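File shown here: protein.cif, holding mmCIF, C-alpha atoms.
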data_upload
loop_
_atom_site.group_PDB
_atom_site.id
_atom_site.type_symbol
_atom_site.label_atom_id
_atom_site.label_comp_id
_atom_site.auth_asym_id
_atom_site.auth_seq_id
_atom_site.Cartn_x
_atom_site.Cartn_y
_atom_site.Cartn_z
ATOM 1 C CA MET A 1 180.049 100.237 186.973
ATOM 2 C CA ALA A 2 180.939 98.677 190.285
ATOM 3 C CA ASP A 3 183.560 100.237 192.504
ATOM 4 C CA ASN A 4 187.160 99.095 192.191
ATOM 5 C CA LEU A 5 186.494 97.402 188.825
ATOM 6 C CA PRO A 6 188.132 98.436 185.506
ATOM 7 C CA PHE A 7 186.073 99.896 182.692
ATOM 8 C CA LEU A 8 186.417 99.865 178.862
ATOM 9 C CA VAL A 9 186.735 102.830 176.528
ATOM 10 C CA ASP A 10 186.408 102.438 172.740
ATOM 11 C CA SER A 11 189.067 104.958 171.651
ATOM 12 C CA LEU A 12 190.678 105.796 168.301
ATOM 13 C CA PHE A 13 193.535 103.471 169.262
ATOM 14 C CA GLY A 14 191.297 100.509 170.041
ATOM 15 C CA TRP A 15 189.706 99.326 173.262
ATOM 16 C CA VAL A 16 191.285 100.864 176.349
ATOM 17 C CA VAL A 17 191.031 99.107 179.707
ATOM 18 C CA THR A 18 191.601 101.432 182.616
ATOM 19 C CA GLY A 19 190.931 101.581 186.349
ATOM 20 C CA SER A 20 192.524 101.718 189.741
ATOM 21 C CA ALA A 21 195.097 99.201 190.869
ATOM 22 C CA SER A 22 195.687 97.881 194.328
ATOM 23 C CA THR A 23 198.998 98.051 196.182
ATOM 24 C CA THR A 24 200.401 96.037 199.040
ATOM 25 C CA ASN A 25 202.200 99.058 200.511
ATOM 26 C CA PRO A 26 199.765 101.237 202.584
ATOM 27 C CA ALA A 27 202.273 104.100 202.647
ATOM 28 C CA GLN A 28 201.985 104.489 198.867
ATOM 29 C CA LEU A 29 198.221 105.092 199.071
ATOM 30 C CA GLN A 30 198.825 108.458 200.793
ATOM 31 C CA SER A 31 201.099 109.822 198.085
ATOM 32 C CA ILE A 32 199.927 108.284 194.796
ATOM 33 C CA ASN A 33 196.786 106.946 193.183
ATOM 34 C CA PRO A 34 197.923 103.751 191.381
ATOM 35 C CA SER A 35 196.107 102.841 188.155
ATOM 36 C CA ILE A 36 196.627 100.623 185.112
ATOM 37 C CA VAL A 37 195.827 101.216 181.437
ATOM 38 C CA ALA A 38 195.925 98.547 178.691
ATOM 39 C CA VAL A 39 195.283 99.196 175.004
ATOM 40 C CA SER A 40 194.121 96.488 172.618
ATOM 41 C CA MET A 41 194.939 97.246 168.966
ATOM 42 C CA LEU A 42 192.924 94.283 167.734
ATOM 43 C CA THR A 43 189.189 94.000 167.483
ATOM 44 C CA LEU A 44 187.446 90.967 168.919
ATOM 45 C CA GLU A 45 186.903 89.636 165.396
ATOM 46 C CA GLU A 46 190.595 89.971 164.537
ATOM 47 C CA SER A 47 191.589 88.241 167.755
ATOM 48 C CA MET A 48 189.261 85.321 167.038
ATOM 49 C CA GLU A 49 190.487 85.099 163.447
ATOM 50 C CA ARG A 50 194.093 84.947 164.607
ATOM 51 C CA LEU A 51 193.170 82.241 167.122
ATOM 52 C CA TRP A 52 191.536 80.069 164.476
ATOM 53 C CA LYS A 53 194.433 80.555 162.067
ATOM 54 C CA THR A 54 196.828 79.450 164.778
ATOM 55 C CA GLU A 55 194.798 76.330 165.457
ATOM 56 C CA GLU A 56 194.132 75.506 161.804
ATOM 57 C CA LEU A 57 196.187 72.766 160.130
ATOM 58 C CA THR A 58 196.932 73.561 156.514
ATOM 59 C CA VAL A 59 199.050 72.055 153.765
ATOM 60 C CA ASN A 60 201.039 74.795 152.084
ATOM 61 C CA ASN A 61 202.499 74.401 148.629
ATOM 62 C CA ASN A 62 205.641 76.514 148.733
ATOM 63 C CA TYR A 63 207.124 75.092 145.542
ATOM 64 C CA SER A 64 208.942 77.469 143.210
ATOM 65 C CA ILE A 65 208.162 77.600 139.499
ATOM 66 C CA ASP A 66 211.023 75.189 138.757
ATOM 67 C CA GLU A 67 209.912 72.829 141.516
ATOM 68 C CA CYS A 68 206.329 72.789 140.240
ATOM 69 C CA TYR A 69 207.659 72.058 136.771
ATOM 70 C CA CYS A 70 209.695 69.102 138.079
ATOM 71 C CA GLU A 71 206.727 67.700 139.970
ATOM 72 C CA ASP A 72 204.673 67.774 136.758
ATOM 73 C CA PHE A 73 207.606 66.655 134.606
ATOM 74 C CA TYR A 74 208.329 63.470 136.556
ATOM 75 C CA PRO A 75 205.057 61.525 136.037
ATOM 76 C CA SER A 76 204.762 62.623 132.412
ATOM 77 C CA THR A 77 208.240 61.384 131.425
ATOM 78 C CA THR A 78 208.935 58.429 133.729
ATOM 79 C CA THR A 79 208.532 54.910 132.339
ATOM 80 C CA ARG A 80 209.380 51.351 133.397
ATOM 81 C CA ASP A 81 211.286 48.644 131.570
ATOM 82 C CA GLU A 82 210.263 45.003 131.222
ATOM 83 C CA SER A 83 211.770 44.141 134.617
ATOM 84 C CA GLY A 84 209.804 46.919 136.346
ATOM 85 C CA ARG A 85 212.784 49.206 136.874
ATOM 86 C CA TYR A 86 211.970 52.903 136.550
ATOM 87 C CA ILE A 87 213.510 55.036 133.798
ATOM 88 C CA VAL A 88 213.639 58.771 134.524
ATOM 89 C CA ARG A 89 214.467 61.922 132.547
ATOM 90 C CA LEU A 90 216.628 64.863 133.600
ATOM 91 C CA PRO A 91 214.468 67.999 133.989
ATOM 92 C CA ARG A 92 216.163 70.595 131.790
ATOM 93 C CA LYS A 93 215.636 74.325 132.010
ATOM 94 C CA PRO A 94 214.038 76.057 128.992
ATOM 95 C CA ASP A 95 217.363 77.657 127.949
ATOM 96 C CA PHE A 96 219.349 74.445 128.517
ATOM 97 C CA ASP A 97 220.725 74.359 124.951
ATOM 98 C CA ALA A 98 222.197 77.855 125.223
ATOM 99 C CA MET A 99 223.573 77.368 128.750
ATOM 100 C CA LEU A 100 225.471 74.081 128.500
ATOM 101 C CA GLY A 101 228.826 74.383 126.745
ATOM 102 C CA GLU A 102 231.800 72.160 125.924
ATOM 103 C CA PHE A 103 233.737 70.446 128.702
ATOM 104 C CA LYS A 104 235.707 67.490 127.322
ATOM 105 C CA THR A 105 239.023 69.359 127.274
ATOM 106 C CA CYS A 106 238.643 70.238 130.962
ATOM 107 C CA ALA A 107 237.476 66.695 131.709
ATOM 108 C CA LEU A 108 240.694 65.312 130.213
ATOM 109 C CA ARG A 109 242.742 67.593 132.483
ATOM 110 C CA CYS A 110 240.686 66.482 135.499
ATOM 111 C CA PHE A 111 241.276 62.841 134.623
ATOM 112 C CA ALA A 112 245.008 63.447 134.234
ATOM 113 C CA GLN A 113 245.058 64.857 137.776
ATOM 114 C CA LEU A 114 243.106 61.853 139.022
ATOM 115 C CA GLU A 115 245.498 59.458 137.311
ATOM 116 C CA ARG A 116 248.531 61.144 138.900
ATOM 117 C CA ARG A 117 246.882 60.882 142.306
ATOM 118 C CA LEU A 118 246.141 57.177 141.834
ATOM 119 C CA ASP A 119 249.673 56.499 140.592
ATOM 120 C CA SER A 120 251.056 58.025 143.793
ATOM 121 C CA ASP A 121 249.016 55.685 146.018
ATOM 122 C CA GLU A 122 248.942 52.078 144.864
ATOM 123 C CA THR A 123 246.389 51.009 147.491
ATOM 124 C CA LEU A 124 243.996 53.807 146.555
ATOM 125 C CA LYS A 125 244.459 52.979 142.883
ATOM 126 C CA GLU A 126 243.611 49.322 143.447
ATOM 127 C CA GLU A 127 240.467 50.166 145.437
ATOM 128 C CA TYR A 128 239.322 52.764 142.904
ATOM 129 C CA HIS A 129 239.744 50.320 140.049
ATOM 130 C CA LYS A 130 237.673 47.810 142.012
ATOM 131 C CA LEU A 131 234.871 50.359 142.346
ATOM 132 C CA ILE A 132 234.880 51.165 138.630
ATOM 133 C CA THR A 133 234.892 47.448 137.838
ATOM 134 C CA GLU A 134 231.926 46.982 140.180
ATOM 135 C CA TYR A 135 230.054 49.786 138.381
ATOM 136 C CA LEU A 136 230.575 47.909 135.118
ATOM 137 C CA SER A 137 229.664 44.469 136.451
ATOM 138 C CA LEU A 138 226.479 45.719 138.134
ATOM 139 C CA GLY A 139 225.348 47.578 135.032
ATOM 140 C CA HIS A 140 225.686 51.021 136.570
ATOM 141 C CA MET A 141 227.720 52.212 133.607
ATOM 142 C CA ARG A 142 228.848 50.999 130.194
ATOM 143 C CA LEU A 143 231.705 51.547 127.773
ATOM 144 C CA VAL A 144 230.905 53.735 124.775
ATOM 145 C CA GLU A 145 232.265 51.609 121.947
ATOM 146 C CA THR A 146 231.551 54.098 119.164
ATOM 147 C CA ASP A 147 230.266 57.655 119.379
ATOM 148 C CA ASP A 148 227.800 58.386 116.594
ATOM 149 C CA GLY A 149 228.055 62.122 117.310
ATOM 150 C CA ASN A 150 224.308 62.599 117.009
ATOM 151 C CA HIS A 151 224.019 64.273 120.407
ATOM 152 C CA SER A 152 223.438 68.007 120.531
ATOM 153 C CA HIS A 153 225.127 68.180 123.940
ATOM 154 C CA THR A 154 227.551 65.983 125.825
ATOM 155 C CA PHE A 155 229.086 66.376 129.257
ATOM 156 C CA TYR A 156 231.950 64.470 130.825
ATOM 157 C CA VAL A 157 231.416 64.359 134.582
ATOM 158 C CA PRO A 158 234.630 64.746 136.612
ATOM 159 C CA HIS A 159 235.066 62.102 139.303
ATOM 160 C CA HIS A 160 237.453 61.326 142.137
ATOM 161 C CA PRO A 161 237.688 59.049 145.199
ATOM 162 C CA VAL A 162 236.744 60.091 148.721
ATOM 163 C CA LEU A 163 238.066 58.152 151.706
ATOM 164 C CA LYS A 164 235.858 57.499 154.735
ATOM 165 C CA GLU A 165 237.953 55.706 157.310
ATOM 166 C CA ASP A 166 235.148 55.636 159.880
ATOM 167 C CA ASN A 167 232.779 53.783 157.543
ATOM 168 C CA MET A 168 232.577 50.105 158.502
ATOM 169 C CA THR A 169 231.417 48.926 155.066
ATOM 170 C CA THR A 170 232.673 51.305 152.376
ATOM 171 C CA LYS A 171 236.042 52.921 152.989
ATOM 172 C CA ILE A 172 236.148 54.592 149.584
ATOM 173 C CA ARG A 173 233.482 55.935 147.282
ATOM 174 C CA VAL A 174 233.323 57.624 143.889
ATOM 175 C CA VAL A 175 232.194 61.255 143.879
ATOM 176 C CA PHE A 176 230.895 62.829 140.671
ATOM 177 C CA ASN A 177 231.033 66.587 140.186
ATOM 178 C CA GLY A 178 228.039 68.006 138.326
ATOM 179 C CA SER A 179 228.976 71.562 139.324
ATOM 180 C CA ALA A 180 232.008 71.853 137.038
ATOM 181 C CA ARG A 181 231.565 74.828 134.714
ATOM 182 C CA THR A 182 231.561 74.367 130.948
ATOM 183 C CA SER A 183 232.829 76.742 128.246
ATOM 184 C CA THR A 184 229.737 78.952 128.632
ATOM 185 C CA GLY A 185 230.358 79.452 132.351
ATOM 186 C CA PHE A 186 227.416 77.269 133.384
ATOM 187 C CA SER A 187 227.596 73.842 134.977
ATOM 188 C CA PRO A 188 225.160 70.984 134.268
ATOM 189 C CA ASN A 189 223.620 71.526 137.698
ATOM 190 C CA GLU A 190 222.805 75.105 136.694
ATOM 191 C CA THR A 191 221.169 73.977 133.452
ATOM 192 C CA LEU A 192 218.915 71.462 135.217
ATOM 193 C CA CYS A 193 215.868 72.421 137.244
ATOM 194 C CA VAL A 194 216.130 72.412 141.023
ATOM 195 C CA ASP A 195 213.726 69.771 142.236
ATOM 196 C CA PRO A 196 211.470 70.037 145.285
ATOM 197 C CA VAL A 197 212.378 68.248 148.502
ATOM 198 C CA VAL A 198 209.978 65.305 148.719
ATOM 199 C CA LYS A 199 211.542 63.599 151.714
ATOM 200 C CA ASP A 200 209.609 63.660 154.977
ATOM 201 C CA ASP A 201 210.926 66.200 157.435
ATOM 202 C CA LEU A 202 212.285 65.108 160.800
ATOM 203 C CA LEU A 203 209.144 66.172 162.699
ATOM 204 C CA SER A 204 206.905 63.978 160.519
ATOM 205 C CA ILE A 205 209.183 60.996 161.066
ATOM 206 C CA VAL A 206 209.241 61.494 164.850
ATOM 207 C CA LEU A 207 205.453 61.833 164.964
ATOM 208 C CA ARG A 208 205.076 58.545 163.081
ATOM 209 C CA PHE A 209 207.211 56.854 165.707
ATOM 210 C CA LEU A 210 204.792 58.147 168.362
ATOM 211 C CA THR A 211 201.676 57.084 166.444
ATOM 212 C CA TYR A 212 202.099 53.311 166.294
ATOM 213 C CA PRO A 213 203.151 50.723 168.889
ATOM 214 C CA GLU A 214 205.851 49.250 166.605
ATOM 215 C CA ALA A 215 208.311 50.967 164.294
ATOM 216 C CA VAL A 216 210.054 49.368 161.327
ATOM 217 C CA VAL A 217 213.285 50.836 159.985
ATOM 218 C CA GLY A 218 214.757 49.730 156.670
ATOM 219 C CA ASP A 219 217.506 50.624 154.266
ATOM 220 C CA ILE A 220 217.425 50.463 150.469
ATOM 221 C CA GLU A 221 220.809 49.339 149.240
ATOM 222 C CA LYS A 222 222.260 51.635 146.570
ATOM 223 C CA ILE A 223 218.958 53.504 146.232
ATOM 224 C CA TYR A 224 220.311 55.837 143.547
ATOM 225 C CA LYS A 225 221.471 52.874 141.482
ATOM 226 C CA GLN A 226 218.019 51.278 141.420
ATOM 227 C CA THR A 227 216.709 53.857 138.918
ATOM 228 C CA LEU A 228 217.836 54.140 135.286
ATOM 229 C CA HIS A 229 218.423 57.239 133.199
ATOM 230 C CA HIS A 230 216.672 57.574 129.867
ATOM 231 C CA PRO A 231 218.921 56.767 126.856
ATOM 232 C CA ASP A 232 218.443 60.312 125.515
ATOM 233 C CA ASP A 233 220.157 61.714 128.632
ATOM 234 C CA LEU A 234 223.161 59.389 128.718
ATOM 235 C CA ALA A 235 225.347 61.706 126.626
ATOM 236 C CA LEU A 236 225.205 64.133 129.559
ATOM 237 C CA LEU A 237 226.424 61.448 131.952
ATOM 238 C CA ARG A 238 229.756 60.446 130.487
ATOM 239 C CA ILE A 239 232.997 59.901 132.361
ATOM 240 C CA LEU A 240 236.568 59.378 131.208
ATOM 241 C CA PHE A 241 238.631 56.476 132.552
ATOM 242 C CA ARG A 242 241.173 53.811 131.724
ATOM 243 C CA PHE A 243 242.593 50.964 133.770
ATOM 244 C CA SER A 244 246.063 51.187 132.205
ATOM 245 C CA LYS A 245 248.173 53.833 130.516
ATOM 246 C CA ASP A 246 248.837 51.318 127.773
ATOM 247 C CA VAL A 247 245.418 52.168 126.286
ATOM 248 C CA THR A 248 243.849 55.466 125.329
ATOM 249 C CA VAL A 249 241.426 57.188 127.670
ATOM 250 C CA GLN A 250 238.004 55.587 127.238
ATOM 251 C CA THR A 251 234.516 57.035 127.467
ATOM 252 C CA TYR A 252 231.839 55.507 129.666
ATOM 253 C CA GLU A 253 228.194 56.425 130.252
ATOM 254 C CA LEU A 254 226.541 56.326 133.683
ATOM 255 C CA LEU A 255 223.279 54.417 133.355
ATOM 256 C CA THR A 256 221.756 54.975 136.791
ATOM 257 C CA VAL A 257 220.851 58.021 138.867
ATOM 258 C CA THR A 258 224.149 59.543 139.904
ATOM 259 C CA TYR A 259 224.918 61.333 143.140
ATOM 260 C CA GLY A 260 226.356 64.751 142.356
ATOM 261 C CA LEU A 261 223.711 66.016 139.950
ATOM 262 C CA ALA A 262 221.135 68.528 141.167
ATOM 263 C CA PRO A 263 217.997 66.423 140.451
ATOM 264 C CA SER A 264 219.391 63.096 141.694
ATOM 265 C CA SER A 265 218.044 63.197 145.248
ATOM 266 C CA PHE A 266 214.583 64.115 143.999
ATOM 267 C CA LEU A 267 214.607 61.437 141.275
ATOM 268 C CA ALA A 268 215.587 58.682 143.720
ATOM 269 C CA THR A 269 213.102 59.646 146.445
ATOM 270 C CA ARG A 270 210.295 60.488 144.023
ATOM 271 C CA THR A 271 210.760 57.083 142.371
ATOM 272 C CA LEU A 272 210.415 55.420 145.770
ATOM 273 C CA GLN A 273 207.105 57.239 146.265
ATOM 274 C CA GLN A 274 206.002 56.313 142.751
ATOM 275 C CA LEU A 275 206.745 52.670 143.480
ATOM 276 C CA ALA A 276 204.506 52.857 146.554
ATOM 277 C CA ASN A 277 201.735 54.440 144.475
ATOM 278 C CA ASP A 278 202.040 51.856 141.693
ATOM 279 C CA GLU A 279 202.476 48.718 143.785
ATOM 280 C CA GLY A 280 201.080 49.645 147.180
ATOM 281 C CA SER A 281 197.676 48.130 146.494
ATOM 282 C CA HIS A 282 199.287 44.786 145.622
ATOM 283 C CA THR A 283 201.774 44.712 148.483
ATOM 284 C CA PRO A 284 200.388 46.965 151.236
#

Do you think you could lay out the structure here as structure tokens?
Amino acid sequence: MADNLPFLVDSLFGWVVTGSASTTNPAQLQSINPSIVAVSMLTLEESMERLWKTEELTVNNNYSIDECYCEDFYPSTTTRDESGRYIVRLPRKPDFDAMLGEFKTCALRCFAQLERRLDSDETLKEEYHKLITEYLSLGHMRLVETDDGNHSHTFYVPHHPVLKEDNMTTKIRVVFNGSARTSTGFSPNETLCVDPVVKDDLLSIVLRFLTYPEAVVGDIEKIYKQTLHHPDDLALLRILFRFSKDVTVQTYELLTVTYGLAPSSFLATRTLQQLANDEGSHTP
């Protein structure tokens, strides 16, 4: 070993690097003998392995059991109608039948509160009626003329208006509450599987902007309303409403994916991806 150079010792604690250290203060050399000791707890192989793991790009599947189920459930149950519109199913948990209870009585009380609120604000009432009328005219919901009673479970989704004064296009919107608890203590959102997040994260979007010389940004109008619910699920998507107190409270069914239910975001975004998979080769 050359003078003034450190040397290595393979100790029980790993490799030890030791040796003398220089100092810029000559007075210290007369009183102390400066040295430095460094201990490495990792072997060379472990250090290299950690380096390669750091540099390695991997795709991790961190989906839960419910999320994996939803990812498999979607392609096996999704269909398209004659116009090409997608029809999706609600992913129910295995004990769905035991969890979901009765809710119509509570839904009637919720609607009575809504009606009192609308009666106290004539402008809000007029705008809310316009929104419900638009839902009907666009085919987003339909009136249940007769109830055959052949459904094992029904749920009446509470709804109310939300004002957004800063919105330039839509000042008022309908909000549906899928978290209202039924007679069993469980809400519909708790009886449906939690779907995986299939949207791109912010980092992926930013990187795409840096990859190409041009960027195209678009917006899908009423994206949730572009996808239909399967007829077998419509009994779980009922709402109560009437335009006048001169008639009895009527039952309607929501026909399209509805914001407020746990799987809705997944169903809308996953359908967009499915559309790209099905039609991408024809319209790249």

Picked residues, the PyMOL selection byres ((chain A and resi 272-280) around 12), expected as a ChimeraX atom specification: /A:71,74-75,78-80,84-88,198-200,220,223-224,226-227,265-271,281-284

Matched chain/residue IDs from the PyMOL selection byres ((chain A and resi 233) around 12), as a VMD selection string: chain A and resid 87 to 92 151 to 155 188 192 228 to 232 234 to 238 253 to 257

Test item: the PyMOL selection byres ((chain A and resi 105) around 12) resolved as a PyMOL selection string: chain A and resi 101-104+106-112+155-158+181-183+240

Spatial neighbours of Arg173 (chain A), max dist 9 Å, all atoms listed in the file, sep filter under 2 positions, as a list of chain:residue names: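 Near neighbours after the sequence-gap exclusion: A:Tyr128, A:Leu131, A:His160, A:Pro161, A:Val162, A:Leu163, A:Lys164, A:Thr170, A:Lys171, A:Val175.
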
Take region 230-241 of chain A, bring it up to all heavy atoms, and give me the output as a PDB file, in the frame of the given file.
ATOM      1  N   HIS A 230     217.164  57.779 131.227  1.00  0.00           N
ATOM      2  CA  HIS A 230     216.672  57.574 129.867  1.00  0.00           C
ATOM      3  C   HIS A 230     217.847  57.615 128.884  1.00  0.00           C
ATOM      4  O   HIS A 230     218.782  58.404 129.061  1.00  0.00           O
ATOM      5  CB  HIS A 230     215.657  58.669 129.523  1.00  0.00           C
ATOM      6  CG  HIS A 230     214.866  58.390 128.295  1.00  0.00           C
ATOM      7  ND1 HIS A 230     215.340  58.670 127.031  1.00  0.00           N
ATOM      8  CD2 HIS A 230     213.631  57.855 128.122  1.00  0.00           C
ATOM      9  CE1 HIS A 230     214.441  58.339 126.136  1.00  0.00           C
ATOM     10  NE2 HIS A 230     213.391  57.827 126.761  1.00  0.00           N
ATOM     11  N   PRO A 231     217.814  56.776 127.830  1.00  0.00           N
ATOM     12  CA  PRO A 231     218.921  56.767 126.856  1.00  0.00           C
ATOM     13  C   PRO A 231     219.224  58.132 126.253  1.00  0.00           C
ATOM     14  O   PRO A 231     220.382  58.431 125.937  1.00  0.00           O
ATOM     15  CB  PRO A 231     218.429  55.784 125.777  1.00  0.00           C
ATOM     16  CG  PRO A 231     217.497  54.865 126.513  1.00  0.00           C
ATOM     17  CD  PRO A 231     216.838  55.708 127.550  1.00  0.00           C
ATOM     18  N   ASP A 232     218.216  58.999 126.109  1.00  0.00           N
ATOM     19  CA  ASP A 232     218.443  60.312 125.515  1.00  0.00           C
ATOM     20  C   ASP A 232     219.250  61.240 126.418  1.00  0.00           C
ATOM     21  O   ASP A 232     219.722  62.292 125.960  1.00  0.00           O
ATOM     22  CB  ASP A 232     217.106  60.985 125.175  1.00  0.00           C
ATOM     23  CG  ASP A 232     216.394  60.277 124.031  1.00  0.00           C
ATOM     24  OD1 ASP A 232     217.032  59.459 123.342  1.00  0.00           O
ATOM     25  OD2 ASP A 232     215.189  60.529 123.821  1.00  0.00           O
ATOM     26  N   ASP A 233     219.403  60.879 127.694  1.00  0.00           N
ATOM     27  CA  ASP A 233     220.157  61.714 128.632  1.00  0.00           C
ATOM     28  C   ASP A 233     221.573  61.190 128.891  1.00  0.00           C
ATOM     29  O   ASP A 233     222.357  61.848 129.582  1.00  0.00           O
ATOM     30  CB  ASP A 233     219.419  61.823 129.972  1.00  0.00           C
ATOM     31  CG  ASP A 233     218.152  62.653 129.869  1.00  0.00           C
ATOM     32  OD1 ASP A 233     218.103  63.550 129.011  1.00  0.00           O
ATOM     33  OD2 ASP A 233     217.209  62.400 130.649  1.00  0.00           O
ATOM     34  N   LEU A 234     221.894  60.028 128.365  1.00  0.00           N
ATOM     35  CA  LEU A 234     223.161  59.389 128.718  1.00  0.00           C
ATOM     36  C   LEU A 234     224.374  60.159 128.209  1.00  0.00           C
ATOM     37  O   LEU A 234     225.461  60.079 128.802  1.00  0.00           O
ATOM     38  CB  LEU A 234     223.194  57.953 128.186  1.00  0.00           C
ATOM     39  CG  LEU A 234     222.157  56.994 128.793  1.00  0.00           C
ATOM     40  CD1 LEU A 234     222.342  55.598 128.228  1.00  0.00           C
ATOM     41  CD2 LEU A 234     222.252  56.979 130.312  1.00  0.00           C
ATOM     42  N   ALA A 235     224.221  60.923 127.135  1.00  0.00           N
ATOM     43  CA  ALA A 235     225.347  61.706 126.626  1.00  0.00           C
ATOM     44  C   ALA A 235     225.758  62.797 127.602  1.00  0.00           C
ATOM     45  O   ALA A 235     226.878  63.323 127.526  1.00  0.00           O
ATOM     46  CB  ALA A 235     224.988  62.323 125.277  1.00  0.00           C
ATOM     47  N   LEU A 236     224.877  63.137 128.537  1.00  0.00           N
ATOM     48  CA  LEU A 236     225.205  64.133 129.559  1.00  0.00           C
ATOM     49  C   LEU A 236     225.829  63.498 130.790  1.00  0.00           C
ATOM     50  O   LEU A 236     226.186  64.191 131.741  1.00  0.00           O
ATOM     51  CB  LEU A 236     223.933  64.883 129.983  1.00  0.00           C
ATOM     52  CG  LEU A 236     223.202  65.640 128.882  1.00  0.00           C
ATOM     53  CD1 LEU A 236     221.878  66.181 129.403  1.00  0.00           C
ATOM     54  CD2 LEU A 236     224.062  66.771 128.347  1.00  0.00           C
ATOM     55  N   LEU A 237     225.968  62.185 130.776  1.00  0.00           N
ATOM     56  CA  LEU A 237     226.424  61.448 131.952  1.00  0.00           C
ATOM     57  C   LEU A 237     227.638  60.594 131.618  1.00  0.00           C
ATOM     58  O   LEU A 237     227.745  59.443 132.026  1.00  0.00           O
ATOM     59  CB  LEU A 237     225.286  60.566 132.480  1.00  0.00           C
ATOM     60  CG  LEU A 237     224.015  61.311 132.882  1.00  0.00           C
ATOM     61  CD1 LEU A 237     222.842  60.348 133.009  1.00  0.00           C
ATOM     62  CD2 LEU A 237     224.233  62.040 134.197  1.00  0.00           C
ATOM     63  N   ARG A 238     228.561  61.169 130.888  1.00  0.00           N
ATOM     64  CA  ARG A 238     229.756  60.446 130.487  1.00  0.00           C
ATOM     65  C   ARG A 238     230.910  60.714 131.456  1.00  0.00           C
ATOM     66  O   ARG A 238     230.983  61.782 132.055  1.00  0.00           O
ATOM     67  CB  ARG A 238     230.169  60.849 129.072  1.00  0.00           C
ATOM     68  CG  ARG A 238     229.163  60.398 128.016  1.00  0.00           C
ATOM     69  CD  ARG A 238     229.615  60.747 126.617  1.00  0.00           C
ATOM     70  NE  ARG A 238     228.744  60.116 125.621  1.00  0.00           N
ATOM     71  CZ  ARG A 238     228.926  60.208 124.307  1.00  0.00           C
ATOM     72  NH1 ARG A 238     229.944  60.903 123.833  1.00  0.00           N
ATOM     73  NH2 ARG A 238     228.086  59.596 123.489  1.00  0.00           N
ATOM     74  N   ILE A 239     231.774  59.725 131.583  1.00  0.00           N
ATOM     75  CA  ILE A 239     232.997  59.901 132.361  1.00  0.00           C
ATOM     76  C   ILE A 239     234.167  59.363 131.541  1.00  0.00           C
ATOM     77  O   ILE A 239     233.982  58.542 130.630  1.00  0.00           O
ATOM     78  CB  ILE A 239     232.941  59.199 133.731  1.00  0.00           C
ATOM     79  CG1 ILE A 239     232.951  57.679 133.563  1.00  0.00           C
ATOM     80  CG2 ILE A 239     231.731  59.653 134.529  1.00  0.00           C
ATOM     81  CD1 ILE A 239     233.193  56.928 134.854  1.00  0.00           C
ATOM     82  N   LEU A 240     235.343  59.839 131.852  1.00  0.00           N
ATOM     83  CA  LEU A 240     236.568  59.378 131.208  1.00  0.00           C
ATOM     84  C   LEU A 240     237.351  58.505 132.188  1.00  0.00           C
ATOM     85  O   LEU A 240     237.492  58.843 133.362  1.00  0.00           O
ATOM     86  CB  LEU A 240     237.424  60.577 130.778  1.00  0.00           C
ATOM     87  CG  LEU A 240     236.767  61.547 129.792  1.00  0.00           C
ATOM     88  CD1 LEU A 240     237.669  62.750 129.551  1.00  0.00           C
ATOM     89  CD2 LEU A 240     236.438  60.851 128.477  1.00  0.00           C
ATOM     90  N   PHE A 241     237.865  57.371 131.672  1.00  0.00           N
ATOM     91  CA  PHE A 241     238.631  56.476 132.552  1.00  0.00           C
ATOM     92  C   PHE A 241     239.402  55.483 131.697  1.00  0.00           C
ATOM     93  O   PHE A 241     239.064  55.204 130.542  1.00  0.00           O
ATOM     94  CB  PHE A 241     237.703  55.723 133.513  1.00  0.00           C
ATOM     95  CG  PHE A 241     238.424  55.053 134.639  1.00  0.00           C
ATOM     96  CD1 PHE A 241     238.916  55.799 135.694  1.00  0.00           C
ATOM     97  CD2 PHE A 241     238.645  53.687 134.624  1.00  0.00           C
ATOM     98  CE1 PHE A 241     239.615  55.193 136.733  1.00  0.00           C
ATOM     99  CE2 PHE A 241     239.336  53.065 135.658  1.00  0.00           C
ATOM    100  CZ  PHE A 241     239.819  53.819 136.715  1.00  0.00           C
TER     101      PHE A 241
END
